[in-house]
Amino acid sequence: MKGLKSIYSVKGWLVVLMVFFGTVAWAQQTEEKQEVEQQRPVTIDSFDVVRDYRPILADAVKIRRSPDMINKRSYMPKLSYQDIMDQKLDINTGLHVLDLKERPFSVRENILPNYVKVGIGNFNTILAEGYFAYEDFVDMRFGGFVKHLSQKGELEAQKFSRQEVGVFGRRVLPQFTIDGMLGYNRYGTNFYGDPVIGSGAPINPDKAPQTFNDIYFSGELTSNTQAEDEDALSYSAKVNAYAYNSSAFDAKETSFVLSSYLNKRMRFFNAGVNLTLDINNMDGMQNPITGASTINNSYAIINPYIRFKGDNYAITLGGNLIPEFGDSTSFNIFPSAQVDFSLVPGYVYLFGGVEGTVNKGSYKQLATENPYLGPNQFIQNTVERLSFHGGIKGNAGATFGYKAKAFYKQLEHLPLFALNPENLFMYDVIYDGDGDDQVKHVGIEGEINVRLSELVNLGGRLNIDQYTLVNEQEAWNLPKMRLTGMARFTISEKLYIDAEALFQGQTYAKAYPELPGTQMDYRKETLPAFFDLSASAEYKATKNLGLFVKANNMLNTTYERYLYYPKVGFNILGGLNFSF
C-alpha cells in the first residue's frame, strides 16, 4: 500500500507539472499570436477611432529653406488693398534640386475651391470679390474671379475705384503643360490735387475724372521635364498681350510679347537660348522724333548661354543681343554672366553677375505707378548699359533665411515724374541720361525671413538707392530708402493675424510756381518721410464661414506719395467670406 501511494504521489506531481508547462506554453502561444496580429496591416474594418485625425508635421531639420506658412490658393488673383509695393521675398537659396518623394497614403483633405467675400468700411469703402474653380480633374483646372473695391476720401473728388474680372485654366498633358488667363482690369480716380495760388483761388476747380481700362491675355506652354533626367530637353513658349487706354486723354497702348526658351541638359553642363519679341505701339502721345502722335518702341532680345553646374557652384555665361526697331533703331550687344558659389554648403552662398539689357518704356506701367499723368507724353525705353551686382544669401537652419545684394548700374533714359508747368496738378514723364552721359545708380537690397515658431513668421526687405544724375537736380519722386516688413501670427487653427509696415524716406518733387503761364524756374519741394502700418485678422467661424477685418494707415498719418495728392487717413474694412 505504501508503494502504491508513492506511485500515485509521483503521478500527481507529473500531472501538476504537465498542467503548469501546458499553461505556460499556451500563454506563450497566445502572446506570439497577439504580436503577429499586431504586425499585420490593419484592415479598414478593424480599427478604433480614438480621436479626430490631426496631421502633425515633423521638424524639417533637414530642409534648408523656411516654408511659407501662409495659406494660398493656386491661381489666386493678386488683390491688394494698399498702395504698397510687392513684398514678395526672393531668397533663392541653394544649388540642389529637391528630390520628390512619394507620399504615403492619406485621406485627401476636403479643400473648398470657391469663395465669396464681401465687406464695408469707413470712407464709403465697399469690397466684393469672388473666386471660383473646378478641380475635379487631376490633370485639368479652370475657373474665374471677380472683384470690386471702391473708396471715397474726405477731400473733394478724392475717389478710387477698381474692378477686376478674369478666367483661367490649366491642362497637364504627358509631355507639356498649358496655362492661360484672360482678364479685364479697370481703375478710376480723379485729378483731386488742388494747388492754390497766393490769393487762395483754386487752380484745379474741375477735378476731372480719369479711367484706365486694361484687357489682357497670357498663355504659356511648358515642357514637363523630369528632374532626374540628366539629358533632358526643356522648352517653353509664352504669349502676353494687352490693350490699355485712358479715358481722359484718349491715350492708348497695345503690346504683344512672344517669349520662349530652349535648354539642353547634359549632366553638369547646360546650353540654351532665351528669345523675346516685344512689339509695342502707343497712340495719343507726343513723339519729338517723328513729330507724330504715335510711338513705336519695339525690340527683341536674343540671349544664348551655357551653364556649368556642380554640387556647390553654378556658372552661366552668355550675352544679350538686343535690336531696337520702330521710331528709332539701334543694335546693342551686352554681356550676361552669373555665378553662384557655396561658401558653406547649405548655409552661405556667394553670388554675382554682370549684364546689360533694355527695359521697355510702357504707358501702362507708368500710369499704373502714377495715375495722375497728363496728356501728350513721350515714352521711350530705358537702357541698362552696364550692370554689376554681387552679394550673399543663405539659411541658418530651417527657420532663418537671408539675402543681401549690392549693385551698380549705368542707365540711359531714366524715367522720372515732374509736375506739368501749365497744368500744375498733372504729371509728365521726363528722362535723364543719354548715350554719352549715363545716370549712375548704386543701391543695396536686403531681405530676411524668420520663422520664430509654428505660430510666428516674420519677413522684411530694405532698399537703399543713390542716383548720380546728368541734367536733373534730384531723382524726382524716387525714394532713397524704403523698408517693408511683414508678420503672420497663427493664434489658433481658426484665427490668423497679418501685419504690414512700410517706411519710405523723404523724396523730392519738381514743381513750378502756382501762376500758370509764368516763365519761371522750377522749385524743389520736399515730401517728408512717412510710416504706414496696416493689419488684418481672419477668423474661421465654421468650415464654410469666416470673418475678416483689415485696417490701413493705423497711425492716421497724413502723407503724399506724389505732391498735391495726399493719401486717405485711418481706414478700416470688415466683412464675411463664404467658402464652398
# chains A, B, ... in the order shown; residues from 1 in each chain; ligands from 1
call {"tool": "residues_around", "arguments": {"residues": "Gly353 in chain A", "least_positions_apart": "2", "cutoff": "12 Å", "atoms": "only C-alpha atoms", "output": "list in words"}}
result
Ala314, Ile315, Thr316, Leu317, Gly318, Pro335, Ser336, Ala337, Gln338, Val339, Asp340, Phe341, Leu350, Phe351, Glu355, Gly356, Leu386, Ser387, Phe388, His389, Gly390, Gly391, Lys405, Ala406, Phe407, Tyr408 and Lys409 of chain A
call {"tool": "write_last_selection", "arguments": {"atoms": "N, CA, C and O atoms", "output": "mmCIF file, in the first residue's frame"}}
result
data_model
loop_
_atom_site.group_PDB
_atom_site.id
_atom_site.type_symbol
_atom_site.label_atom_id
_atom_site.label_comp_id
_atom_site.auth_asym_id
_atom_site.auth_seq_id
_atom_site.Cartn_x
_atom_site.Cartn_y
_atom_site.Cartn_z
ATOM 1 N N ALA A 314 27.411 77.155 -59.600
ATOM 2 C CA ALA A 314 26.682 77.291 -60.858
ATOM 3 C C ALA A 314 27.220 78.517 -61.571
ATOM 4 O O ALA A 314 27.272 79.613 -61.003
ATOM 5 N N ILE A 315 27.648 78.349 -62.814
ATOM 6 C CA ILE A 315 28.224 79.434 -63.606
ATOM 7 C C ILE A 315 27.473 79.505 -64.931
ATOM 8 O O ILE A 315 27.348 78.506 -65.637
ATOM 9 N N THR A 316 26.977 80.697 -65.268
ATOM 10 C CA THR A 316 26.255 80.914 -66.514
ATOM 11 C C THR A 316 26.961 81.996 -67.303
ATOM 12 O O THR A 316 27.196 83.102 -66.793
ATOM 13 N N LEU A 317 27.306 81.695 -68.532
ATOM 14 C CA LEU A 317 27.988 82.636 -69.418
ATOM 15 C C LEU A 317 27.156 82.808 -70.686
ATOM 16 O O LEU A 317 26.683 81.822 -71.264
ATOM 17 N N GLY A 318 26.976 84.059 -71.106
ATOM 18 C CA GLY A 318 26.187 84.305 -72.309
ATOM 19 C C GLY A 318 26.251 85.755 -72.718
ATOM 20 O O GLY A 318 27.150 86.512 -72.315
ATOM 21 N N PRO A 335 27.068 91.903 -72.288
ATOM 22 C CA PRO A 335 27.438 90.631 -71.649
ATOM 23 C C PRO A 335 26.335 90.163 -70.706
ATOM 24 O O PRO A 335 25.497 90.945 -70.242
ATOM 25 N N SER A 336 26.333 88.887 -70.403
ATOM 26 C CA SER A 336 25.396 88.312 -69.436
ATOM 27 C C SER A 336 26.090 87.130 -68.768
ATOM 28 O O SER A 336 26.249 86.063 -69.372
ATOM 29 N N ALA A 337 26.526 87.337 -67.532
ATOM 30 C CA ALA A 337 27.249 86.297 -66.803
ATOM 31 C C ALA A 337 26.780 86.271 -65.357
ATOM 32 O O ALA A 337 26.592 87.330 -64.738
ATOM 33 N N GLN A 338 26.569 85.064 -64.816
ATOM 34 C CA GLN A 338 26.120 84.884 -63.448
ATOM 35 C C GLN A 338 26.964 83.782 -62.800
ATOM 36 O O GLN A 338 27.326 82.809 -63.453
ATOM 37 N N VAL A 339 27.245 83.945 -61.519
ATOM 38 C CA VAL A 339 27.971 82.919 -60.766
ATOM 39 C C VAL A 339 27.327 82.774 -59.402
ATOM 40 O O VAL A 339 26.896 83.756 -58.786
ATOM 41 N N ASP A 340 27.227 81.534 -58.938
ATOM 42 C CA ASP A 340 26.648 81.210 -57.635
ATOM 43 C C ASP A 340 27.549 80.148 -57.008
ATOM 44 O O ASP A 340 27.721 79.062 -57.569
ATOM 45 N N PHE A 341 28.135 80.472 -55.859
ATOM 46 C CA PHE A 341 29.128 79.589 -55.236
ATOM 47 C C PHE A 341 28.758 79.340 -53.783
ATOM 48 O O PHE A 341 28.379 80.275 -53.057
ATOM 49 N N LEU A 350 27.610 82.715 -52.065
ATOM 50 C CA LEU A 350 28.031 83.966 -52.688
ATOM 51 C C LEU A 350 27.553 83.974 -54.134
ATOM 52 O O LEU A 350 27.605 82.941 -54.813
ATOM 53 N N PHE A 351 27.096 85.136 -54.612
ATOM 54 C CA PHE A 351 26.623 85.225 -55.982
ATOM 55 C C PHE A 351 27.021 86.580 -56.560
ATOM 56 O O PHE A 351 27.301 87.541 -55.829
ATOM 57 N N GLU A 355 25.789 92.255 -66.512
ATOM 58 C CA GLU A 355 24.902 92.140 -67.659
ATOM 59 C C GLU A 355 24.493 93.529 -68.135
ATOM 60 O O GLU A 355 24.785 94.540 -67.499
ATOM 61 N N GLY A 356 23.784 93.556 -69.233
ATOM 62 C CA GLY A 356 23.163 94.751 -69.770
ATOM 63 C C GLY A 356 21.876 94.353 -70.464
ATOM 64 O O GLY A 356 21.746 93.225 -70.943
ATOM 65 N N LEU A 386 25.331 99.037 -68.485
ATOM 66 C CA LEU A 386 26.226 98.131 -67.770
ATOM 67 C C LEU A 386 25.713 97.981 -66.348
ATOM 68 O O LEU A 386 25.320 98.966 -65.711
ATOM 69 N N SER A 387 25.696 96.752 -65.879
ATOM 70 C CA SER A 387 25.149 96.482 -64.558
ATOM 71 C C SER A 387 25.985 95.414 -63.879
ATOM 72 O O SER A 387 26.216 94.340 -64.445
ATOM 73 N N PHE A 388 26.445 95.719 -62.654
ATOM 74 C CA PHE A 388 27.171 94.757 -61.828
ATOM 75 C C PHE A 388 26.369 94.516 -60.549
ATOM 76 O O PHE A 388 25.770 95.445 -59.995
ATOM 77 N N HIS A 389 26.389 93.301 -60.066
ATOM 78 C CA HIS A 389 25.765 93.020 -58.783
ATOM 79 C C HIS A 389 26.493 91.858 -58.110
ATOM 80 O O HIS A 389 27.109 91.016 -58.773
ATOM 81 N N GLY A 390 26.417 91.825 -56.806
ATOM 82 C CA GLY A 390 27.029 90.760 -56.024
ATOM 83 C C GLY A 390 26.476 90.766 -54.616
ATOM 84 O O GLY A 390 25.985 91.792 -54.128
ATOM 85 N N GLY A 391 26.549 89.621 -53.974
ATOM 86 C CA GLY A 391 26.014 89.566 -52.621
ATOM 87 C C GLY A 391 26.163 88.212 -51.990
ATOM 88 O O GLY A 391 26.906 87.343 -52.457
ATOM 89 N N LYS A 405 22.363 92.182 -51.265
ATOM 90 C CA LYS A 405 22.925 92.417 -52.589
ATOM 91 C C LYS A 405 23.280 93.879 -52.753
ATOM 92 O O LYS A 405 22.547 94.762 -52.311
ATOM 93 N N ALA A 406 24.392 94.144 -53.410
ATOM 94 C CA ALA A 406 24.800 95.483 -53.803
ATOM 95 C C ALA A 406 24.930 95.509 -55.326
ATOM 96 O O ALA A 406 25.311 94.509 -55.942
ATOM 97 N N PHE A 407 24.593 96.647 -55.943
ATOM 98 C CA PHE A 407 24.632 96.713 -57.399
ATOM 99 C C PHE A 407 25.053 98.099 -57.857
ATOM 100 O O PHE A 407 24.963 99.086 -57.119
ATOM 101 N N TYR A 408 25.491 98.150 -59.097
ATOM 102 C CA TYR A 408 25.885 99.386 -59.762
ATOM 103 C C TYR A 408 25.367 99.325 -61.196
ATOM 104 O O TYR A 408 25.570 98.330 -61.909
ATOM 105 N N LYS A 409 24.662 100.396 -61.653
ATOM 106 C CA LYS A 409 24.091 100.422 -62.989
ATOM 107 C C LYS A 409 24.413 101.743 -63.676
ATOM 108 O O LYS A 409 24.469 102.788 -63.022
#
call {"tool": "residues_around", "arguments": {"residues": "Asp434 in chain A", "least_positions_apart": "4", "cutoff": "9 Å", "atoms": "only C-alpha atoms", "output": "mmCIF file with N, CA, C and O atoms, in the first residue's frame"}}
result
data_model
loop_
_atom_site.group_PDB
_atom_site.id
_atom_site.type_symbol
_atom_site.label_atom_id
_atom_site.label_comp_id
_atom_site.auth_asym_id
_atom_site.auth_seq_id
_atom_site.Cartn_x
_atom_site.Cartn_y
_atom_site.Cartn_z
ATOM 1 N N LEU A 411 22.630 103.916 -66.609
ATOM 2 C CA LEU A 411 21.323 103.951 -67.244
ATOM 3 C C LEU A 411 21.213 105.074 -68.258
ATOM 4 O O LEU A 411 21.684 106.189 -68.020
ATOM 5 N N GLU A 412 20.575 104.771 -69.362
ATOM 6 C CA GLU A 412 20.172 105.774 -70.342
ATOM 7 C C GLU A 412 18.654 105.900 -70.313
ATOM 8 O O GLU A 412 17.939 104.899 -70.321
ATOM 9 N N HIS A 413 18.153 107.131 -70.256
ATOM 10 C CA HIS A 413 16.713 107.420 -70.267
ATOM 11 C C HIS A 413 16.043 106.887 -69.006
ATOM 12 O O HIS A 413 15.119 106.065 -69.072
ATOM 13 N N LEU A 414 16.504 107.362 -67.862
ATOM 14 C CA LEU A 414 15.862 107.026 -66.600
ATOM 15 C C LEU A 414 14.560 107.820 -66.490
ATOM 16 O O LEU A 414 14.572 109.046 -66.500
ATOM 17 N N GLN A 438 25.604 108.729 -68.861
ATOM 18 C CA GLN A 438 24.571 107.888 -68.255
ATOM 19 C C GLN A 438 24.367 108.249 -66.787
ATOM 20 O O GLN A 438 25.260 108.773 -66.124
ATOM 21 N N VAL A 439 23.167 107.940 -66.314
ATOM 22 C CA VAL A 439 22.862 108.060 -64.890
ATOM 23 C C VAL A 439 23.527 106.911 -64.154
ATOM 24 O O VAL A 439 23.479 105.765 -64.594
ATOM 25 N N VAL A 470 22.514 113.389 -64.546
ATOM 26 C CA VAL A 470 23.232 114.167 -65.551
ATOM 27 C C VAL A 470 22.665 115.581 -65.639
ATOM 28 O O VAL A 470 23.396 116.573 -65.517
#
call {"tool": "atom_distance", "arguments": {"atom1": "CA of Gly433 in chain A", "atom2": "CA of Gln380 in chain A"}}
result
12.2 Å
call {"tool": "residues_around", "arguments": {"residues": "range 121-126 of chain A", "least_positions_apart": "5", "cutoff": "6 Å", "atoms": "only C-alpha atoms", "output": "list in words"}}
result
Leu149, Ser150, Gln151, Lys152, Gly153, Asn571, Ile572 and Leu573 of chain A
call {"tool": "write_last_selection", "arguments": {"atoms": "N, CA, C and O atoms", "output": "tab-separated table (two decimals), in the first residue's frame"}}
result
chain	number	residue	atom	x	y	z
A	149	LEU	N	-13.71	97.10	-55.65
A	149	LEU	CA	-13.25	97.83	-54.47
A	149	LEU	C	-13.35	99.32	-54.77
A	149	LEU	O	-12.80	99.80	-55.76
A	150	SER	N	-14.05	100.04	-53.93
A	150	SER	CA	-14.21	101.48	-54.13
A	150	SER	C	-14.07	102.19	-52.79
A	150	SER	O	-14.34	101.62	-51.73
A	151	GLN	N	-13.64	103.47	-52.87
A	151	GLN	CA	-13.38	104.25	-51.66
A	151	GLN	C	-13.48	105.73	-52.00
A	151	GLN	O	-13.13	106.15	-53.11
A	152	LYS	N	-13.96	106.51	-51.04
A	152	LYS	CA	-14.10	107.95	-51.21
A	152	LYS	C	-13.50	108.64	-50.00
A	152	LYS	O	-13.93	108.43	-48.87
A	153	GLY	N	-12.49	109.50	-50.24
A	153	GLY	CA	-11.82	110.19	-49.15
A	153	GLY	C	-12.54	111.44	-48.70
A	153	GLY	O	-13.63	111.79	-49.19
A	571	ASN	N	-8.28	103.94	-42.14
A	571	ASN	CA	-9.49	103.34	-42.70
A	571	ASN	C	-9.54	101.86	-42.33
A	571	ASN	O	-8.51	101.19	-42.26
A	572	ILE	N	-10.74	101.39	-42.09
A	572	ILE	CA	-10.94	100.02	-41.63
A	572	ILE	C	-12.02	99.37	-42.48
A	572	ILE	O	-12.98	100.02	-42.91
A	573	LEU	N	-11.84	98.09	-42.76
A	573	LEU	CA	-12.73	97.32	-43.62
A	573	LEU	C	-13.00	95.98	-42.97
A	573	LEU	O	-12.07	95.32	-42.48
call {"tool": "closest_residue", "arguments": {"among": "A:Met486, A:Val273, A:Ala404, A:Ala511", "to": "Tyr261 in chain A", "atoms": "only C-alpha atoms"}}
result
A:Val273
call {"tool": "select_by_dssp", "arguments": {"residues": "range 243-313 of chain A", "states": "strand (DSSP E or B)", "output": "ChimeraX atom specification"}}
result
/A:243-246,251-266,269-283,294-309,313
call {"tool": "residues_around", "arguments": {"residues": "range 138-147 of chain A", "least_positions_apart": "6", "cutoff": "9 Å", "atoms": "only C-alpha atoms", "output": "JSON, numbers by chain"}}
result
{"A": [75, 76, 77, 79, 127, 128, 129, 130, 131, 132, 162, 163, 164, 165, 166, 167, 168, 169, 170, 171, 172, 173]}
call {"tool": "atom_distance", "arguments": {"atom1": "CA of Met426 in chain A", "atom2": "CA of Thr189 in chain A"}}
result
13.0 Å
call {"tool": "decode", "arguments": {"residues": "range 202-314 of chain A", "atoms": "C-alpha atoms", "output": "mmCIF file, in the first residue's frame"}}
result
data_model
loop_
_atom_site.group_PDB
_atom_site.id
_atom_site.type_symbol
_atom_site.label_atom_id
_atom_site.label_comp_id
_atom_site.auth_asym_id
_atom_site.auth_seq_id
_atom_site.Cartn_x
_atom_site.Cartn_y
_atom_site.Cartn_z
ATOM 1 C CA PRO A 202 -8.155 127.047 -56.854
ATOM 2 C CA ILE A 203 -6.154 126.134 -59.930
ATOM 3 C CA ASN A 204 -7.991 122.849 -60.451
ATOM 4 C CA PRO A 205 -11.717 123.565 -59.967
ATOM 5 C CA ASP A 206 -12.974 120.821 -62.323
ATOM 6 C CA LYS A 207 -11.355 117.784 -60.621
ATOM 7 C CA ALA A 208 -11.630 115.873 -63.886
ATOM 8 C CA PRO A 209 -12.072 112.081 -63.707
ATOM 9 C CA GLN A 210 -9.751 109.602 -65.364
ATOM 10 C CA THR A 211 -10.358 105.902 -66.006
ATOM 11 C CA PHE A 212 -7.853 103.298 -67.159
ATOM 12 C CA ASN A 213 -9.017 100.140 -68.945
ATOM 13 C CA ASP A 214 -6.813 97.093 -69.400
ATOM 14 C CA ILE A 215 -7.738 93.973 -71.386
ATOM 15 C CA TYR A 216 -5.012 91.347 -71.151
ATOM 16 C CA PHE A 217 -4.226 87.773 -72.150
ATOM 17 C CA SER A 218 -1.398 85.414 -71.238
ATOM 18 C CA GLY A 219 -0.753 81.852 -72.319
ATOM 19 C CA GLU A 220 2.165 79.501 -71.814
ATOM 20 C CA LEU A 221 3.212 76.051 -72.957
ATOM 21 C CA THR A 222 5.923 74.439 -70.820
ATOM 22 C CA SER A 223 7.573 71.034 -71.157
ATOM 23 C CA ASN A 224 7.263 68.503 -68.340
ATOM 24 C CA THR A 225 10.891 67.690 -67.611
ATOM 25 C CA GLN A 226 11.928 65.031 -65.125
ATOM 26 C CA ALA A 227 14.396 66.342 -62.551
ATOM 27 C CA GLU A 228 16.394 63.116 -62.557
ATOM 28 C CA ASP A 229 16.837 63.136 -66.344
ATOM 29 C CA GLU A 230 20.472 64.148 -66.897
ATOM 30 C CA ASP A 231 19.944 64.654 -70.643
ATOM 31 C CA ALA A 232 16.596 66.439 -70.551
ATOM 32 C CA LEU A 233 15.472 68.859 -73.236
ATOM 33 C CA SER A 234 13.212 71.552 -71.786
ATOM 34 C CA TYR A 235 11.341 74.267 -73.633
ATOM 35 C CA SER A 236 8.674 76.904 -73.158
ATOM 36 C CA ALA A 237 6.684 79.336 -75.283
ATOM 37 C CA LYS A 238 4.682 82.219 -73.803
ATOM 38 C CA VAL A 239 2.409 84.918 -75.205
ATOM 39 C CA ASN A 240 1.468 88.132 -73.376
ATOM 40 C CA ALA A 241 -0.795 90.759 -74.918
ATOM 41 C CA TYR A 242 -2.794 93.710 -73.659
ATOM 42 C CA ALA A 243 -4.763 96.730 -74.832
ATOM 43 C CA TYR A 244 -4.607 99.681 -72.422
ATOM 44 C CA ASN A 245 -6.227 103.112 -72.636
ATOM 45 C CA SER A 246 -7.040 106.262 -70.681
ATOM 46 C CA SER A 247 -10.496 107.826 -70.972
ATOM 47 C CA ALA A 248 -9.350 111.344 -70.124
ATOM 48 C CA PHE A 249 -6.878 111.969 -72.968
ATOM 49 C CA ASP A 250 -7.572 109.158 -75.432
ATOM 50 C CA ALA A 251 -4.117 107.699 -74.804
ATOM 51 C CA LYS A 252 -3.782 104.077 -75.925
ATOM 52 C CA GLU A 253 -1.197 101.316 -75.844
ATOM 53 C CA THR A 254 -1.187 97.869 -77.426
ATOM 54 C CA SER A 255 1.504 95.322 -76.690
ATOM 55 C CA PHE A 256 2.281 91.838 -77.974
ATOM 56 C CA VAL A 257 5.142 89.886 -76.403
ATOM 57 C CA LEU A 258 6.280 86.457 -77.558
ATOM 58 C CA SER A 259 8.947 84.792 -75.448
ATOM 59 C CA SER A 260 10.449 81.310 -75.390
ATOM 60 C CA TYR A 261 13.404 79.336 -74.170
ATOM 61 C CA LEU A 262 15.150 76.111 -75.127
ATOM 62 C CA ASN A 263 17.557 74.330 -72.794
ATOM 63 C CA LYS A 264 19.507 71.101 -73.256
ATOM 64 C CA ARG A 265 20.878 69.464 -70.126
ATOM 65 C CA MET A 266 23.993 67.270 -70.363
ATOM 66 C CA ARG A 267 24.707 66.198 -66.788
ATOM 67 C CA PHE A 268 26.664 69.100 -65.297
ATOM 68 C CA PHE A 269 26.516 71.155 -68.488
ATOM 69 C CA ASN A 270 23.591 73.144 -69.942
ATOM 70 C CA ALA A 271 23.255 75.047 -73.200
ATOM 71 C CA GLY A 272 20.286 77.064 -74.324
ATOM 72 C CA VAL A 273 18.802 80.296 -75.574
ATOM 73 C CA ASN A 274 16.124 82.760 -74.405
ATOM 74 C CA LEU A 275 14.187 84.675 -77.058
ATOM 75 C CA THR A 276 11.860 87.670 -76.664
ATOM 76 C CA LEU A 277 9.985 89.700 -79.256
ATOM 77 C CA ASP A 278 8.175 92.768 -77.895
ATOM 78 C CA ILE A 279 6.012 94.772 -80.317
ATOM 79 C CA ASN A 280 4.678 97.904 -78.615
ATOM 80 C CA ASN A 281 2.633 100.781 -80.042
ATOM 81 C CA MET A 282 1.209 103.861 -78.315
ATOM 82 C CA ASP A 283 -1.256 106.441 -79.597
ATOM 83 C CA GLY A 284 -2.295 109.849 -78.276
ATOM 84 C CA MET A 285 1.309 110.685 -77.346
ATOM 85 C CA GLN A 286 3.878 113.262 -78.353
ATOM 86 C CA ASN A 287 6.780 111.980 -80.435
ATOM 87 C CA PRO A 288 9.580 114.537 -80.896
ATOM 88 C CA ILE A 289 11.471 112.085 -83.124
ATOM 89 C CA THR A 290 8.814 111.759 -85.834
ATOM 90 C CA GLY A 291 6.533 114.666 -84.915
ATOM 91 C CA ALA A 292 3.538 112.295 -84.888
ATOM 92 C CA SER A 293 1.158 111.366 -82.088
ATOM 93 C CA THR A 294 2.172 107.688 -82.180
ATOM 94 C CA ILE A 295 5.172 105.916 -80.636
ATOM 95 C CA ASN A 296 6.633 102.550 -81.606
ATOM 96 C CA ASN A 297 9.378 101.339 -79.266
ATOM 97 C CA SER A 298 9.592 97.642 -80.144
ATOM 98 C CA TYR A 299 12.640 95.454 -79.596
ATOM 99 C CA ALA A 300 13.877 91.856 -79.461
ATOM 100 C CA ILE A 301 16.225 90.027 -77.071
ATOM 101 C CA ILE A 302 18.382 87.050 -78.062
ATOM 102 C CA ASN A 303 20.162 85.501 -75.079
ATOM 103 C CA PRO A 304 22.295 82.423 -75.831
ATOM 104 C CA TYR A 305 24.066 80.902 -72.819
ATOM 105 C CA ILE A 306 25.988 77.955 -71.443
ATOM 106 C CA ARG A 307 25.752 76.869 -67.810
ATOM 107 C CA PHE A 308 28.060 74.739 -65.702
ATOM 108 C CA LYS A 309 26.508 73.351 -62.553
ATOM 109 C CA GLY A 310 28.038 71.260 -59.808
ATOM 110 C CA ASP A 311 27.211 70.355 -56.238
ATOM 111 C CA ASN A 312 28.467 73.672 -54.859
ATOM 112 C CA TYR A 313 28.599 76.028 -57.824
ATOM 113 C CA ALA A 314 26.682 77.291 -60.858
#
